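A.B. asks: Could you have a look at this structure, given as structure tokens, before my questions?
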Amino acid sequence: METTYFVKSLAYLFHETFEGSPEGQGSAYLDRGIGVLATLDSLTAEQVSHDINGTSIAAQTEHAKFYLDRLCEFIHGRTEKVNWDDSWLIEDVSETEWTALREGVRKSYENVLRCFAETDEWSEDHVGMAMGMLAHTAYHFGAIRQLAKAV
């Protein structure tokens, strides 16, 4: 029973992070109408490609997506090391690349929800990874929103 509550709460927080607060329900931590997906959809390739203090929204987006993908792999048993520097290779994007990156973020989000739902055993490491995924995404979402103010 405890695992069910944990996964349900985790999914709720990820939903709010990516899609915003569910209609008619309270918000856990974001203002109404705000979420990763809507924020990314409101930006153009030109805007996300601007270098601001050594980073861009495109880079922050790719890094956050990369992190979600790799941690799901670790939850499902991956043991090989990851070259985290690979998550920062994108700096600027064309409109086509930006559309593909936004779609990739949506797929990664959906994969995370499946990853959590399909995990039968929530070890201490798995719980830590899941919580890290939420905190890491929230951190980079905040960075993206701040960078968006500068473009």
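Residue numbering restarts at 1 in every chain; chains get A, B, ... in the order shown in the structure tokens, and ligands count up from 1 in that same order.
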Applying 12 Å and only C-alpha atoms, which residues near segment 96-111 of chain A remain after dropping the ones on its own chain fewer than 5 positions away? List them as a PDB file with N, CA and C atoms, in the first residue's frame.
C.D. replies:
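Saved to result_11.pdb:
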ATOM      1  N   ALA A  11       3.737  10.673  -9.288  1.00  0.00           N
ATOM      2  CA  ALA A  11       3.100  10.948 -10.576  1.00  0.00           C
ATOM      3  C   ALA A  11       2.358  12.283 -10.538  1.00  0.00           C
ATOM      4  N   LEU A  13       3.110  14.935  -8.740  1.00  0.00           N
ATOM      5  CA  LEU A  13       4.104  16.009  -8.787  1.00  0.00           C
ATOM      6  C   LEU A  13       4.723  16.145 -10.171  1.00  0.00           C
ATOM      7  N   PHE A  14       4.948  15.030 -10.844  1.00  0.00           N
ATOM      8  CA  PHE A  14       5.481  15.098 -12.205  1.00  0.00           C
ATOM      9  C   PHE A  14       4.437  15.699 -13.151  1.00  0.00           C
ATOM     10  N   HIS A  15       3.176  15.356 -12.945  1.00  0.00           N
ATOM     11  CA  HIS A  15       2.112  15.933 -13.755  1.00  0.00           C
ATOM     12  C   HIS A  15       2.110  17.450 -13.585  1.00  0.00           C
ATOM     13  N   GLU A  16       2.159  17.920 -12.372  1.00  0.00           N
ATOM     14  CA  GLU A  16       2.178  19.368 -12.131  1.00  0.00           C
ATOM     15  C   GLU A  16       3.420  19.999 -12.752  1.00  0.00           C
ATOM     16  N   THR A  17       4.555  19.349 -12.625  1.00  0.00           N
ATOM     17  CA  THR A  17       5.794  19.883 -13.176  1.00  0.00           C
ATOM     18  C   THR A  17       5.715  20.034 -14.686  1.00  0.00           C
ATOM     19  N   PHE A  18       5.208  19.036 -15.358  1.00  0.00           N
ATOM     20  CA  PHE A  18       5.198  19.044 -16.819  1.00  0.00           C
ATOM     21  C   PHE A  18       3.935  19.652 -17.427  1.00  0.00           C
ATOM     22  N   GLU A  19       2.781  19.431 -16.806  1.00  0.00           N
ATOM     23  CA  GLU A  19       1.525  19.873 -17.406  1.00  0.00           C
ATOM     24  C   GLU A  19       0.843  20.995 -16.637  1.00  0.00           C
ATOM     25  N   GLY A  35       3.867  25.042 -16.503  1.00  0.00           N
ATOM     26  CA  GLY A  35       4.414  23.697 -16.571  1.00  0.00           C
ATOM     27  C   GLY A  35       5.506  23.685 -17.617  1.00  0.00           C
ATOM     28  N   VAL A  36       6.341  22.687 -17.557  1.00  0.00           N
ATOM     29  CA  VAL A  36       7.458  22.577 -18.491  1.00  0.00           C
ATOM     30  C   VAL A  36       6.966  22.601 -19.938  1.00  0.00           C
ATOM     31  N   LEU A  37       5.975  21.778 -20.257  1.00  0.00           N
ATOM     32  CA  LEU A  37       5.557  21.636 -21.648  1.00  0.00           C
ATOM     33  C   LEU A  37       5.014  22.945 -22.222  1.00  0.00           C
ATOM     34  N   ALA A  38       4.142  23.625 -21.485  1.00  0.00           N
ATOM     35  CA  ALA A  38       3.587  24.893 -21.973  1.00  0.00           C
ATOM     36  C   ALA A  38       4.675  25.953 -22.087  1.00  0.00           C
ATOM     37  N   THR A  39       5.590  25.957 -21.156  1.00  0.00           N
ATOM     38  CA  THR A  39       6.689  26.930 -21.206  1.00  0.00           C
ATOM     39  C   THR A  39       7.529  26.705 -22.451  1.00  0.00           C
ATOM     40  N   LEU A  40       7.918  25.467 -22.709  1.00  0.00           N
ATOM     41  CA  LEU A  40       8.737  25.173 -23.880  1.00  0.00           C
ATOM     42  C   LEU A  40       7.983  25.488 -25.168  1.00  0.00           C
ATOM     43  N   ASP A  41       6.688  25.174 -25.190  1.00  0.00           N
ATOM     44  CA  ASP A  41       5.884  25.428 -26.388  1.00  0.00           C
ATOM     45  C   ASP A  41       5.736  26.921 -26.688  1.00  0.00           C
ATOM     46  N   SER A  42       5.935  27.758 -25.687  1.00  0.00           N
ATOM     47  CA  SER A  42       5.776  29.200 -25.884  1.00  0.00           C
ATOM     48  C   SER A  42       7.033  29.866 -26.438  1.00  0.00           C
ATOM     49  N   LEU A  43       8.097  29.100 -26.616  1.00  0.00           N
ATOM     50  CA  LEU A  43       9.385  29.656 -27.044  1.00  0.00           C
ATOM     51  C   LEU A  43       9.748  29.196 -28.452  1.00  0.00           C
ATOM     52  N   THR A  44      10.444  30.052 -29.170  1.00  0.00           N
ATOM     53  CA  THR A  44      10.896  29.727 -30.524  1.00  0.00           C
ATOM     54  C   THR A  44      12.318  29.179 -30.485  1.00  0.00           C
ATOM     55  N   ALA A  45      12.715  28.580 -31.580  1.00  0.00           N
ATOM     56  CA  ALA A  45      14.084  28.067 -31.697  1.00  0.00           C
ATOM     57  C   ALA A  45      15.093  29.198 -31.525  1.00  0.00           C
ATOM     58  N   GLU A  46      14.782  30.343 -32.079  1.00  0.00           N
ATOM     59  CA  GLU A  46      15.693  31.485 -31.946  1.00  0.00           C
ATOM     60  C   GLU A  46      15.844  31.888 -30.478  1.00  0.00           C
ATOM     61  N   GLN A  47      14.750  31.936 -29.760  1.00  0.00           N
ATOM     62  CA  GLN A  47      14.809  32.310 -28.348  1.00  0.00           C
ATOM     63  C   GLN A  47      15.609  31.303 -27.519  1.00  0.00           C
ATOM     64  N   VAL A  48      15.395  30.023 -27.764  1.00  0.00           N
ATOM     65  CA  VAL A  48      16.039  29.001 -26.936  1.00  0.00           C
ATOM     66  C   VAL A  48      17.501  28.791 -27.294  1.00  0.00           C
ATOM     67  N   SER A  49      17.925  29.378 -28.411  1.00  0.00           N
ATOM     68  CA  SER A  49      19.312  29.215 -28.856  1.00  0.00           C
ATOM     69  C   SER A  49      20.232  30.335 -28.378  1.00  0.00           C
ATOM     70  N   ILE A  57      18.525  27.944 -23.312  1.00  0.00           N
ATOM     71  CA  ILE A  57      17.337  27.172 -22.947  1.00  0.00           C
ATOM     72  C   ILE A  57      17.375  25.811 -23.625  1.00  0.00           C
ATOM     73  N   ALA A  58      17.850  25.765 -24.868  1.00  0.00           N
ATOM     74  CA  ALA A  58      17.967  24.483 -25.568  1.00  0.00           C
ATOM     75  C   ALA A  58      18.889  23.535 -24.798  1.00  0.00           C
ATOM     76  N   ALA A  59      20.023  24.060 -24.324  1.00  0.00           N
ATOM     77  CA  ALA A  59      20.969  23.235 -23.567  1.00  0.00           C
ATOM     78  C   ALA A  59      20.345  22.748 -22.259  1.00  0.00           C
ATOM     79  N   GLN A  60      19.669  23.642 -21.547  1.00  0.00           N
ATOM     80  CA  GLN A  60      19.023  23.267 -20.286  1.00  0.00           C
ATOM     81  C   GLN A  60      17.950  22.198 -20.529  1.00  0.00           C
ATOM     82  N   THR A  61      17.212  22.356 -21.619  1.00  0.00           N
ATOM     83  CA  THR A  61      16.141  21.409 -21.953  1.00  0.00           C
ATOM     84  C   THR A  61      16.711  20.034 -22.270  1.00  0.00           C
ATOM     85  N   GLU A  62      17.731  19.992 -23.116  1.00  0.00           N
ATOM     86  CA  GLU A  62      18.339  18.710 -23.477  1.00  0.00           C
ATOM     87  C   GLU A  62      18.940  18.032 -22.255  1.00  0.00           C
ATOM     88  N   HIS A  63      19.612  18.798 -21.414  1.00  0.00           N
ATOM     89  CA  HIS A  63      20.229  18.233 -20.215  1.00  0.00           C
ATOM     90  C   HIS A  63      19.171  17.603 -19.296  1.00  0.00           C
ATOM     91  N   ALA A  64      18.085  18.325 -19.052  1.00  0.00           N
ATOM     92  CA  ALA A  64      17.023  17.803 -18.179  1.00  0.00           C
ATOM     93  C   ALA A  64      16.406  16.535 -18.763  1.00  0.00           C
ATOM     94  N   LYS A  65      16.173  16.523 -20.070  1.00  0.00           N
ATOM     95  CA  LYS A  65      15.620  15.344 -20.750  1.00  0.00           C
ATOM     96  C   LYS A  65      16.584  14.167 -20.638  1.00  0.00           C
ATOM     97  N   PHE A  66      17.855  14.399 -20.904  1.00  0.00           N
ATOM     98  CA  PHE A  66      18.892  13.379 -20.833  1.00  0.00           C
ATOM     99  C   PHE A  66      18.919  12.746 -19.440  1.00  0.00           C
ATOM    100  N   TYR A  67      18.847  13.586 -18.421  1.00  0.00           N
ATOM    101  CA  TYR A  67      18.876  13.115 -17.033  1.00  0.00           C
ATOM    102  C   TYR A  67      17.685  12.201 -16.748  1.00  0.00           C
ATOM    103  N   LEU A  68      16.488  12.616 -17.159  1.00  0.00           N
ATOM    104  CA  LEU A  68      15.300  11.778 -16.951  1.00  0.00           C
ATOM    105  C   LEU A  68      15.462  10.422 -17.626  1.00  0.00           C
ATOM    106  N   ASP A  69      15.931  10.452 -18.868  1.00  0.00           N
ATOM    107  CA  ASP A  69      16.102   9.205 -19.625  1.00  0.00           C
ATOM    108  C   ASP A  69      17.096   8.268 -18.950  1.00  0.00           C
ATOM    109  N   ARG A  70      18.229   8.802 -18.524  1.00  0.00           N
ATOM    110  CA  ARG A  70      19.252   7.947 -17.923  1.00  0.00           C
ATOM    111  C   ARG A  70      18.805   7.408 -16.573  1.00  0.00           C
ATOM    112  N   LEU A  71      18.148   8.229 -15.739  1.00  0.00           N
ATOM    113  CA  LEU A  71      17.733   7.722 -14.443  1.00  0.00           C
ATOM    114  C   LEU A  71      16.655   6.650 -14.563  1.00  0.00           C
ATOM    115  N   CYS A  72      15.777   6.767 -15.545  1.00  0.00           N
ATOM    116  CA  CYS A  72      14.824   5.667 -15.781  1.00  0.00           C
ATOM    117  C   CYS A  72      15.579   4.391 -16.131  1.00  0.00           C
ATOM    118  N   GLU A  73      16.613   4.529 -16.929  1.00  0.00           N
ATOM    119  CA  GLU A  73      17.431   3.365 -17.275  1.00  0.00           C
ATOM    120  C   GLU A  73      18.063   2.766 -16.022  1.00  0.00           C
ATOM    121  N   HIS A  76      15.640   0.824 -14.030  1.00  0.00           N
ATOM    122  CA  HIS A  76      15.357  -0.459 -14.675  1.00  0.00           C
ATOM    123  C   HIS A  76      16.578  -1.359 -14.780  1.00  0.00           C
ATOM    124  N   ILE A  90      23.971  20.043 -27.014  1.00  0.00           N
ATOM    125  CA  ILE A  90      23.096  20.932 -27.786  1.00  0.00           C
ATOM    126  C   ILE A  90      23.181  22.327 -27.193  1.00  0.00           C
ATOM    127  N   GLU A  91      23.483  23.303 -28.050  1.00  0.00           N
ATOM    128  CA  GLU A  91      23.515  24.687 -27.593  1.00  0.00           C
ATOM    129  C   GLU A  91      22.486  25.534 -28.317  1.00  0.00           C
ATOM    130  N   PHE A 116       7.895   4.683 -13.438  1.00  0.00           N
ATOM    131  CA  PHE A 116       7.450   4.620 -12.047  1.00  0.00           C
ATOM    132  C   PHE A 116       6.354   3.576 -11.863  1.00  0.00           C
ATOM    133  N   ALA A 117       5.380   3.566 -12.762  1.00  0.00           N
ATOM    134  CA  ALA A 117       4.250   2.641 -12.645  1.00  0.00           C
ATOM    135  C   ALA A 117       4.692   1.188 -12.770  1.00  0.00           C
ATOM    136  N   GLU A 118       5.727   0.936 -13.570  1.00  0.00           N
ATOM    137  CA  GLU A 118       6.178  -0.435 -13.816  1.00  0.00           C
ATOM    138  C   GLU A 118       7.218  -0.920 -12.821  1.00  0.00           C
ATOM    139  N   MET A 133      15.066  12.953  -9.696  1.00  0.00           N
ATOM    140  CA  MET A 133      14.508  13.307 -11.003  1.00  0.00           C
ATOM    141  C   MET A 133      13.555  14.489 -10.875  1.00  0.00           C
ATOM    142  N   LEU A 134      12.733  14.469  -9.849  1.00  0.00           N
ATOM    143  CA  LEU A 134      11.782  15.556  -9.645  1.00  0.00           C
ATOM    144  C   LEU A 134      12.515  16.849  -9.292  1.00  0.00           C
ATOM    145  N   THR A 137      14.560  18.177 -12.336  1.00  0.00           N
ATOM    146  CA  THR A 137      13.682  18.767 -13.340  1.00  0.00           C
ATOM    147  C   THR A 137      13.182  20.128 -12.874  1.00  0.00           C
ATOM    148  N   PHE A 141      13.810  23.560 -14.780  1.00  0.00           N
ATOM    149  CA  PHE A 141      12.615  24.287 -15.203  1.00  0.00           C
ATOM    150  C   PHE A 141      12.703  25.731 -14.710  1.00  0.00           C
TER     151      PHE A 141
END
A.B. asks: Extract the full set of alpha helix (DSSP H) residues from chain A according to DSSP on the backbone, and format it as a PyMOL selection string.
C.D. replies: chain A and resi 2-19+36-41+45-48+57-75+95-118+124-150
A.B. asks: Those same residues - C-alpha atoms - I'd like them written as an mmCIF file, in the first residue's frame.
C.D. replies:
data_model
loop_
_atom_site.group_PDB
_atom_site.id
_atom_site.type_symbol
_atom_site.label_atom_id
_atom_site.label_comp_id
_atom_site.auth_asym_id
_atom_site.auth_seq_id
_atom_site.Cartn_x
_atom_site.Cartn_y
_atom_site.Cartn_z
ATOM 1 C CA GLU A 2 2.794 2.468 0.851
ATOM 2 C CA THR A 3 4.361 1.958 -2.587
ATOM 3 C CA THR A 4 1.058 2.817 -4.247
ATOM 4 C CA TYR A 5 0.849 6.103 -2.326
ATOM 5 C CA PHE A 6 4.454 6.939 -3.150
ATOM 6 C CA VAL A 7 4.048 6.289 -6.892
ATOM 7 C CA LYS A 8 0.718 8.123 -6.992
ATOM 8 C CA SER A 9 2.207 11.167 -5.228
ATOM 9 C CA LEU A 10 5.264 11.095 -7.445
ATOM 10 C CA ALA A 11 3.100 10.948 -10.576
ATOM 11 C CA TYR A 12 0.993 13.864 -9.288
ATOM 12 C CA LEU A 13 4.104 16.009 -8.787
ATOM 13 C CA PHE A 14 5.481 15.098 -12.205
ATOM 14 C CA HIS A 15 2.112 15.933 -13.755
ATOM 15 C CA GLU A 16 2.178 19.368 -12.131
ATOM 16 C CA THR A 17 5.794 19.883 -13.176
ATOM 17 C CA PHE A 18 5.198 19.044 -16.819
ATOM 18 C CA GLU A 19 1.525 19.873 -17.406
ATOM 19 C CA VAL A 36 7.458 22.577 -18.491
ATOM 20 C CA LEU A 37 5.557 21.636 -21.648
ATOM 21 C CA ALA A 38 3.587 24.893 -21.973
ATOM 22 C CA THR A 39 6.689 26.930 -21.206
ATOM 23 C CA LEU A 40 8.737 25.173 -23.880
ATOM 24 C CA ASP A 41 5.884 25.428 -26.388
ATOM 25 C CA ALA A 45 14.084 28.067 -31.697
ATOM 26 C CA GLU A 46 15.693 31.485 -31.946
ATOM 27 C CA GLN A 47 14.809 32.310 -28.348
ATOM 28 C CA VAL A 48 16.039 29.001 -26.936
ATOM 29 C CA ILE A 57 17.337 27.172 -22.947
ATOM 30 C CA ALA A 58 17.967 24.483 -25.568
ATOM 31 C CA ALA A 59 20.969 23.235 -23.567
ATOM 32 C CA GLN A 60 19.023 23.267 -20.286
ATOM 33 C CA THR A 61 16.141 21.409 -21.953
ATOM 34 C CA GLU A 62 18.339 18.710 -23.477
ATOM 35 C CA HIS A 63 20.229 18.233 -20.215
ATOM 36 C CA ALA A 64 17.023 17.803 -18.179
ATOM 37 C CA LYS A 65 15.620 15.344 -20.750
ATOM 38 C CA PHE A 66 18.892 13.379 -20.833
ATOM 39 C CA TYR A 67 18.876 13.115 -17.033
ATOM 40 C CA LEU A 68 15.300 11.778 -16.951
ATOM 41 C CA ASP A 69 16.102 9.205 -19.625
ATOM 42 C CA ARG A 70 19.252 7.947 -17.923
ATOM 43 C CA LEU A 71 17.733 7.722 -14.443
ATOM 44 C CA CYS A 72 14.824 5.667 -15.781
ATOM 45 C CA GLU A 73 17.431 3.365 -17.275
ATOM 46 C CA PHE A 74 19.155 3.089 -13.874
ATOM 47 C CA ILE A 75 15.851 2.342 -12.133
ATOM 48 C CA GLU A 95 12.893 25.197 -35.621
ATOM 49 C CA THR A 96 12.808 21.548 -36.716
ATOM 50 C CA GLU A 97 15.309 20.534 -34.023
ATOM 51 C CA TRP A 98 13.412 22.537 -31.387
ATOM 52 C CA THR A 99 10.156 20.820 -32.323
ATOM 53 C CA ALA A 100 11.888 17.432 -32.076
ATOM 54 C CA LEU A 101 13.463 18.319 -28.710
ATOM 55 C CA ARG A 102 10.105 19.427 -27.289
ATOM 56 C CA GLU A 103 8.526 16.191 -28.520
ATOM 57 C CA GLY A 104 11.416 14.277 -26.952
ATOM 58 C CA VAL A 105 10.731 15.986 -23.620
ATOM 59 C CA ARG A 106 7.060 14.930 -23.826
ATOM 60 C CA LYS A 107 8.092 11.337 -24.556
ATOM 61 C CA SER A 108 10.627 11.359 -21.722
ATOM 62 C CA TYR A 109 7.948 12.642 -19.322
ATOM 63 C CA GLU A 110 5.539 9.897 -20.434
ATOM 64 C CA ASN A 111 8.343 7.340 -20.117
ATOM 65 C CA VAL A 112 9.072 8.512 -16.572
ATOM 66 C CA LEU A 113 5.453 7.935 -15.579
ATOM 67 C CA ARG A 114 5.601 4.430 -17.116
ATOM 68 C CA CYS A 115 8.947 3.819 -15.433
ATOM 69 C CA PHE A 116 7.450 4.620 -12.047
ATOM 70 C CA ALA A 117 4.250 2.641 -12.645
ATOM 71 C CA GLU A 118 6.178 -0.435 -13.816
ATOM 72 C CA GLU A 124 16.191 3.175 -1.195
ATOM 73 C CA ASP A 125 18.255 3.847 -4.335
ATOM 74 C CA HIS A 126 15.163 3.862 -6.559
ATOM 75 C CA VAL A 127 13.325 6.258 -4.251
ATOM 76 C CA GLY A 128 16.377 8.531 -4.194
ATOM 77 C CA MET A 129 16.650 8.479 -7.978
ATOM 78 C CA ALA A 130 12.952 9.285 -8.396
ATOM 79 C CA MET A 131 13.132 12.168 -5.955
ATOM 80 C CA GLY A 132 16.297 13.370 -7.649
ATOM 81 C CA MET A 133 14.508 13.307 -11.003
ATOM 82 C CA LEU A 134 11.782 15.556 -9.645
ATOM 83 C CA ALA A 135 14.172 17.980 -7.942
ATOM 84 C CA HIS A 136 16.534 18.084 -10.923
ATOM 85 C CA THR A 137 13.682 18.767 -13.340
ATOM 86 C CA ALA A 138 12.275 21.497 -11.098
ATOM 87 C CA TYR A 139 15.709 23.116 -10.860
ATOM 88 C CA HIS A 140 16.219 23.193 -14.631
ATOM 89 C CA PHE A 141 12.615 24.287 -15.203
ATOM 90 C CA GLY A 142 13.326 27.256 -12.943
ATOM 91 C CA ALA A 143 16.512 27.976 -14.891
ATOM 92 C CA ILE A 144 14.583 27.805 -18.171
ATOM 93 C CA ARG A 145 11.920 30.214 -16.885
ATOM 94 C CA GLN A 146 14.579 32.664 -15.720
ATOM 95 C CA LEU A 147 16.469 32.446 -19.027
ATOM 96 C CA ALA A 148 13.192 32.959 -20.906
ATOM 97 C CA LYS A 149 12.819 36.341 -19.196
ATOM 98 C CA ALA A 150 16.105 37.412 -20.771
#
A.B. asks: What is the atom CA of Ser56 of chain A to atom CA of Asp85 of chain A distance in Å?
C.D. replies: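 So the answer is 15.2 Å.
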